[in-house]
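Each remark here refers to the structure printed beneath this line.
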2 protein chains.
Amino acid sequence: VSTTVAITLSYRGTAYAGWQRQANAPTVQQAVEEALARLCGESVRVVGAGRTDAGVHARGQVASCALARALPERSLVHGLDHHLPADVRALAAAVMPPGFDARRCAAAKEYRYRLVRAEVLSPLDAPAAVRAPRGLELAPLRDATARLVGRHDFAAFALAGGSHASSVRTVHLAEWIELGPRLVLRVVGDGFLRGMVRSLVGTLLEVGVGRRTPEAFARLLGGGARCDAGPTAPPEGLVLERVAYPAPWAAAGAGEVDLAAPVDPATLW
Amino acid sequence: VSTTVAITLSYRGTAYAGWQRQANAPTVQQAVEEALARLCGESVRVVGAGRTDAGVHARGQVASCALARALPERSLVHGLDHHLPADVRALAAAVMPPGFDARRCAAAKEYRYRLVRAEVLSPLDAPAAVRAPRGLELAPLRDATARLVGRHDFAAFALAGGSHASSVRTVHLAEWIELGPRLVLRVVGDGFLRGMVRSLVGTLLEVGVGRRTPEAFARLLGGGARCDAGPTAPPEGLVLERVAYPAPWAAAGAGEVDLAAPVDPATLW
C-alpha cells in the first residue's frame with residue numbers, strides 16, 4: 001500500500017530544460033525525483049500538473065507521487081528542500097486520497113507573463129521578466145487579449161511536439177494589469193498546449209505595437225497553422241503561478257479553487 | 001578638460017563583496033570601473049552614492065565619474081551594459097555640470113527591506129527577500145518603526161569599519177507596507193551608517209516578535225553601543241532603491257527629488 005502525496009513546488013527555470021525528464025539535459029522533474037529518492041530511499045516517479053518548457057518558472061506547480069513510506073507533511077517539505085538544488089523548492093505537501101494525479105485531476109491553471117517598460121531591465125527583475133517592446137500600446141493589446149476568453153481552437157499557438165489529441169481549450173480569464181512601468185498578463189484556462197502562452201504573448205505583442213489588428217488576432221482563434229501566428233515570446237517572462245483542483249482534491253490540500261477571482265495587484269509581481 | 005557623468009546602476013549583489021573596491025574580492029565598483037575602462041579606453045575612478053555591503057542589492061545606485069572622452073548618454077548606457085557582467089546593469093546616464101559627486105551631493109537615499117511570511121521562500125523571491133520570523137506582529141513593528149523618523153544618534157546601529165565622524169543622521173520616512181504575505185520596509189534618510197539599515201531591521205524584528213518593546217527600541221536612538229541593539233538582518237533582503245539630489249543636480253538628470261512621497265504599493269516588490 002502506498003501513500004499519494006501532492007507537493008507544491010516553486011522553481012526558477014533558468015537552468016533547466018523544462019519540467020519533463022529528458023535523456024541528456026537537467027529537468028525539474030528529475031531534480032524532484034532525485035531529491036525524493038534520497039529522502040525516502042525509494043525510486044519515485046513524479047507527475048507535474050504543468051509541463052513547463054525550458055527556462056519557464058513556477059510559483060505553484062503541483063506534483064503528485066506515490067510513496068511506499070509516508071512521511072509527515074512538514075518533514076516531507078523540509079526533507080525535500082534539504083536535498084533539492086537552491087533553484088527548486090517544495091513549498092507545501094499534502095497527503096491525498098488515492099487516485100489523485102496532479103495532471104489528470106487539474107481543473108485549471110494560471111500562468112503569468114511579466115513585462116517591464118524600460119530601456120534596460122534591472123538584474124533584480126531579469127530572471128522572471130522581459131522588456132516590453134518599444135511603442136507597446138495597451139488599448140489594442142487589451143482588446144485582443146479579451147477575445148481569448150472562451151472556448152477556442154488554439155492550433156495556431158501550439159508548438160510541435162505536444163501530445164494533445166485536440167487543440168481546443170477554454171480560457172476563463174485573460175487580462176493585462178499595469179503596475180507603474182510593469183505589465184503582467186494573467187491567463188487562466190482549463191489547459192494549455194505546448195508553448196501556447198508564449199505564442200499567445202508573442203502574437204498579442206504584435207497587436208500591441210500595431211503590426212496586427214485585434215480582429216486578425218481573433219481570426220487565429222478559429223484554428224490555423226503555427227506560421228499564421230506571431231513569434232514565441234521568451235521563456236524567462238513566463239511563470240506557472242497556480243493550479244486549481246475540484247473541491248474534493250482541493251479540500252484535501254492540493255492547489256487552489258477559484259483562479260478567476262480578482263487578485264490584489266500589489267501581489268502580482 | 002573632462003566630462004562629469006552620473007550613471008544609474010542596478011545590481012544583484014549576491015556575488016559581490018559590496019560596492020567598494022577591495023584588494024582580494026570582487027566588488028561592484030571594480031566591475032563598473034573595468035567596464036568603463038574597456039568602453040572608454042581610459043582608467044576611470046567611480047564614486048557611488050551608497051557604499052552597499054556584501055550581498056546587498058541596488059535598483060537605483062548612482063555613480064559619478066569624470067571621462068576624458070565624452071560619449072553620448074545612450075551609447076554610454078548600452079556600451080557599459082555590453083561590458084558589464086549580467087548581474088550589474090547601467091540603466092541611465094546623464095552628463096552633469098562640473099562638480100557633481102554622487103556621494104557628496106546626495107541629499108537622501110531610500111532603502112527597502114523585503115520579507116515574506118512563508119514557511120519556505122520561493123526561489124523567485126529568494127535573491128532579494130528573506131523569510132519573516134515566525135510570530136511577527138505588525139502593530140509593535142510599526143510602532144517602533146515610526147519612532148525612527150527624525151534626527152537621532154544611530155551609534156547603536158553602526159557596524160565597525162565605517163568612516164563617519166558623527167553617528168547622527170536624519171530619517172525622513174520609515175514605514176512597513178503589507179502586500180498580502182509580503183512586507184516591505186521603506187526607509188528614507190539623509191545618510192546611513194555602515195550596516196545601519198540591517199541593524200535597524202534586525203532590532204525592529206525583535207520588537208515585532210515581542211523580544212523587545214517599542215520603548216526600549218526608542219531608547220537606542222539616543223546613542224548606545226552596537227551590542228545594545230539586535231542582530232544584523234541578512235543582506236539579501238536589502239536594496240538601495242533610489243538616491244535624491246538637490247534641484248540643480250536632479251534637473252541635470254541625476255537621481256530623483258522627493259523620496260518621501262507616497263509610492264504605488266503595486267510597484268514596491
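Labels for the C-alpha cells follow display order: chains A, B, ..., residues from 1 in each chain, ligands from 1.
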(message) Can you work out which residues from chain B touch chain A at a cut-off of 7 Å (counting only C-alpha atoms) and hand them back as a ChimeraX atom specification?
(response) /B:10-12,59,87-89,91,120,122-124,179-180,265-267,269
Kindly save the residues from that selection, with all heavy atoms included, as a short mmCIF file (atom, residue, chain, number, x, y, z; two decimals), in the first residue's frame.
data_model
loop_
_atom_site.label_atom_id
_atom_site.label_comp_id
_atom_site.auth_asym_id
_atom_site.auth_seq_id
_atom_site.Cartn_x
_atom_site.Cartn_y
_atom_site.Cartn_z
N SER B 10 21.81 49.34 -11.48
CA SER B 10 21.07 48.34 -10.72
C SER B 10 21.90 47.08 -10.68
O SER B 10 22.53 46.71 -11.68
CB SER B 10 19.71 48.05 -11.36
OG SER B 10 19.01 47.06 -10.62
N TYR B 11 21.97 46.43 -9.52
CA TYR B 11 22.72 45.18 -9.46
C TYR B 11 22.13 44.22 -8.46
O TYR B 11 21.47 44.59 -7.51
CB TYR B 11 24.21 45.41 -9.16
CG TYR B 11 24.55 46.38 -8.05
CD1 TYR B 11 24.62 45.97 -6.73
CD2 TYR B 11 24.82 47.72 -8.34
CE1 TYR B 11 24.96 46.86 -5.71
CE2 TYR B 11 25.16 48.61 -7.34
CZ TYR B 11 25.22 48.19 -6.03
OH TYR B 11 25.55 49.08 -5.03
N ARG B 12 22.37 42.96 -8.77
CA ARG B 12 22.12 41.90 -7.82
C ARG B 12 23.42 41.70 -7.07
O ARG B 12 24.45 41.35 -7.67
CB ARG B 12 21.71 40.65 -8.60
CG ARG B 12 21.45 39.48 -7.71
CD ARG B 12 20.95 38.28 -8.49
NE ARG B 12 21.16 37.11 -7.65
CZ ARG B 12 20.63 35.93 -7.84
NH1 ARG B 12 19.84 35.72 -8.86
NH2 ARG B 12 20.87 34.94 -7.02
N ARG B 59 18.66 49.00 -6.93
CA ARG B 59 17.84 49.29 -8.12
C ARG B 59 18.20 50.66 -8.69
O ARG B 59 18.06 50.88 -9.88
CB ARG B 59 16.35 49.29 -7.76
CG ARG B 59 15.74 47.93 -7.79
CD ARG B 59 14.22 47.99 -7.76
NE ARG B 59 13.69 46.66 -7.75
CZ ARG B 59 13.36 45.97 -8.85
NH1 ARG B 59 13.46 46.52 -10.05
NH2 ARG B 59 12.90 44.75 -8.75
N ASP B 87 24.83 40.56 -13.88
CA ASP B 87 24.17 40.94 -12.62
C ASP B 87 24.39 42.42 -12.26
O ASP B 87 24.00 42.86 -11.17
CB ASP B 87 24.56 40.01 -11.46
CG ASP B 87 26.07 39.80 -11.37
OD1 ASP B 87 26.82 40.49 -12.09
OD2 ASP B 87 26.49 38.94 -10.57
N VAL B 88 25.00 43.18 -13.15
CA VAL B 88 25.14 44.63 -12.97
C VAL B 88 24.69 45.30 -14.27
O VAL B 88 25.10 44.89 -15.35
CB VAL B 88 26.61 45.05 -12.67
CG1 VAL B 88 26.71 46.56 -12.45
CG2 VAL B 88 27.16 44.30 -11.48
N ARG B 89 23.84 46.31 -14.16
CA ARG B 89 23.36 46.99 -15.36
C ARG B 89 23.36 48.49 -15.16
O ARG B 89 22.96 48.99 -14.09
CB ARG B 89 21.91 46.57 -15.68
CG ARG B 89 21.80 45.26 -16.45
CD ARG B 89 22.31 45.46 -17.88
NE ARG B 89 22.60 44.23 -18.60
CZ ARG B 89 23.78 43.61 -18.62
NH1 ARG B 89 24.80 44.08 -17.94
NH2 ARG B 89 23.94 42.52 -19.34
N LEU B 91 21.40 51.64 -16.06
CA LEU B 91 20.03 51.89 -16.50
C LEU B 91 19.92 53.22 -17.23
O LEU B 91 19.07 53.40 -18.10
CB LEU B 91 19.07 51.91 -15.30
CG LEU B 91 19.05 50.67 -14.39
CD1 LEU B 91 18.01 50.86 -13.29
CD2 LEU B 91 18.74 49.41 -15.20
N VAL B 120 8.46 28.46 3.49
CA VAL B 120 9.59 28.30 2.55
C VAL B 120 9.52 29.45 1.56
O VAL B 120 8.45 29.80 1.07
CB VAL B 120 9.48 26.96 1.79
CG1 VAL B 120 10.65 26.79 0.83
CG2 VAL B 120 9.39 25.78 2.76
N SER B 122 10.01 31.19 -2.04
CA SER B 122 10.11 30.82 -3.45
C SER B 122 11.48 31.22 -3.99
O SER B 122 11.97 32.31 -3.69
CB SER B 122 9.01 31.53 -4.24
OG SER B 122 9.37 31.58 -5.61
N PRO B 123 12.10 30.37 -4.83
CA PRO B 123 13.37 30.76 -5.46
C PRO B 123 13.23 32.02 -6.33
O PRO B 123 14.23 32.67 -6.62
CB PRO B 123 13.74 29.56 -6.32
CG PRO B 123 12.96 28.42 -5.74
CD PRO B 123 11.70 28.99 -5.18
N LEU B 124 12.01 32.37 -6.71
CA LEU B 124 11.82 33.59 -7.49
C LEU B 124 11.90 34.83 -6.59
O LEU B 124 12.18 35.92 -7.06
CB LEU B 124 10.48 33.56 -8.23
CG LEU B 124 10.38 32.45 -9.29
CD1 LEU B 124 8.97 32.39 -9.87
CD2 LEU B 124 11.39 32.68 -10.40
N LEU B 179 1.85 43.63 1.63
CA LEU B 179 1.34 43.26 0.30
C LEU B 179 1.00 41.78 0.36
O LEU B 179 1.82 40.93 0.00
CB LEU B 179 2.41 43.49 -0.76
CG LEU B 179 3.12 44.84 -0.80
CD1 LEU B 179 4.38 44.76 -1.66
CD2 LEU B 179 2.20 45.92 -1.33
N GLY B 180 -0.18 41.44 0.83
CA GLY B 180 -0.51 40.03 1.04
C GLY B 180 0.50 39.43 2.01
O GLY B 180 0.71 39.99 3.09
N PRO B 265 1.72 51.04 -4.10
CA PRO B 265 2.11 49.76 -3.47
C PRO B 265 2.36 48.66 -4.49
O PRO B 265 3.17 47.76 -4.26
CB PRO B 265 0.91 49.40 -2.59
CG PRO B 265 0.11 50.64 -2.45
CD PRO B 265 0.41 51.52 -3.63
N ALA B 266 1.69 48.75 -5.65
CA ALA B 266 1.86 47.71 -6.66
C ALA B 266 3.25 47.70 -7.26
O ALA B 266 3.62 46.77 -7.96
CB ALA B 266 0.81 47.86 -7.76
N THR B 267 4.03 48.75 -7.01
CA THR B 267 5.38 48.81 -7.57
C THR B 267 6.45 48.54 -6.53
O THR B 267 7.64 48.69 -6.80
CB THR B 267 5.66 50.20 -8.18
OG1 THR B 267 5.67 51.16 -7.11
CG2 THR B 267 4.60 50.60 -9.19
N TRP B 269 7.35 45.68 -4.88
CA TRP B 269 8.08 44.41 -4.80
C TRP B 269 9.17 44.33 -5.84
O TRP B 269 9.06 44.93 -6.88
CB TRP B 269 7.15 43.21 -4.94
CG TRP B 269 7.80 41.97 -4.44
CD1 TRP B 269 8.27 40.91 -5.20
CD2 TRP B 269 8.08 41.62 -3.08
NE1 TRP B 269 8.82 39.96 -4.40
CE2 TRP B 269 8.73 40.37 -3.11
CE3 TRP B 269 7.88 42.26 -1.86
CZ2 TRP B 269 9.16 39.72 -1.94
CZ3 TRP B 269 8.31 41.63 -0.72
CH2 TRP B 269 8.94 40.39 -0.75
#
(request) If you run DSSP over the backbone, which residues in range 33-269 of chain A end up helix (DSSP H, G or I)? Put them as a PyMOL selection string. (result) chain A and resi 33-40+73-83+126-128+138-146+155-157+196-208+214-219+226-228+235-237+247-251+265-267
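CA of Gly195 in chain A sits 16.4 Å away from CA of Ala174 in chain A.
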(request) Check the smallest atom-to-atom distance from each of A:Met96, A:Val197, A:Ala66, A:Ala165 to Ala233 in chain A using only C-alpha atoms, then report the winner. (result) A:Val197
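Near Ala54 in chain A, within 8 Å and counting only C-alpha atoms, sit Gly13, Thr14, Tyr16, Ala17, Gly18, Trp19 and Pro235 of chain A; same-chain residues fewer than 3 positions away were not included.
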(request) With a distance cut-off of 9 Å and only C-alpha atoms, select the neighbouring residues of Ala129 in chain A, excluding the residue or stretch itself and same-chain residues fewer than 6 positions from it, and output the selection as a list in words. (result) Tyr113, Arg114, Leu115, Val116, Leu121, Pro235, Glu236, Gly237 and Leu238 of chain A
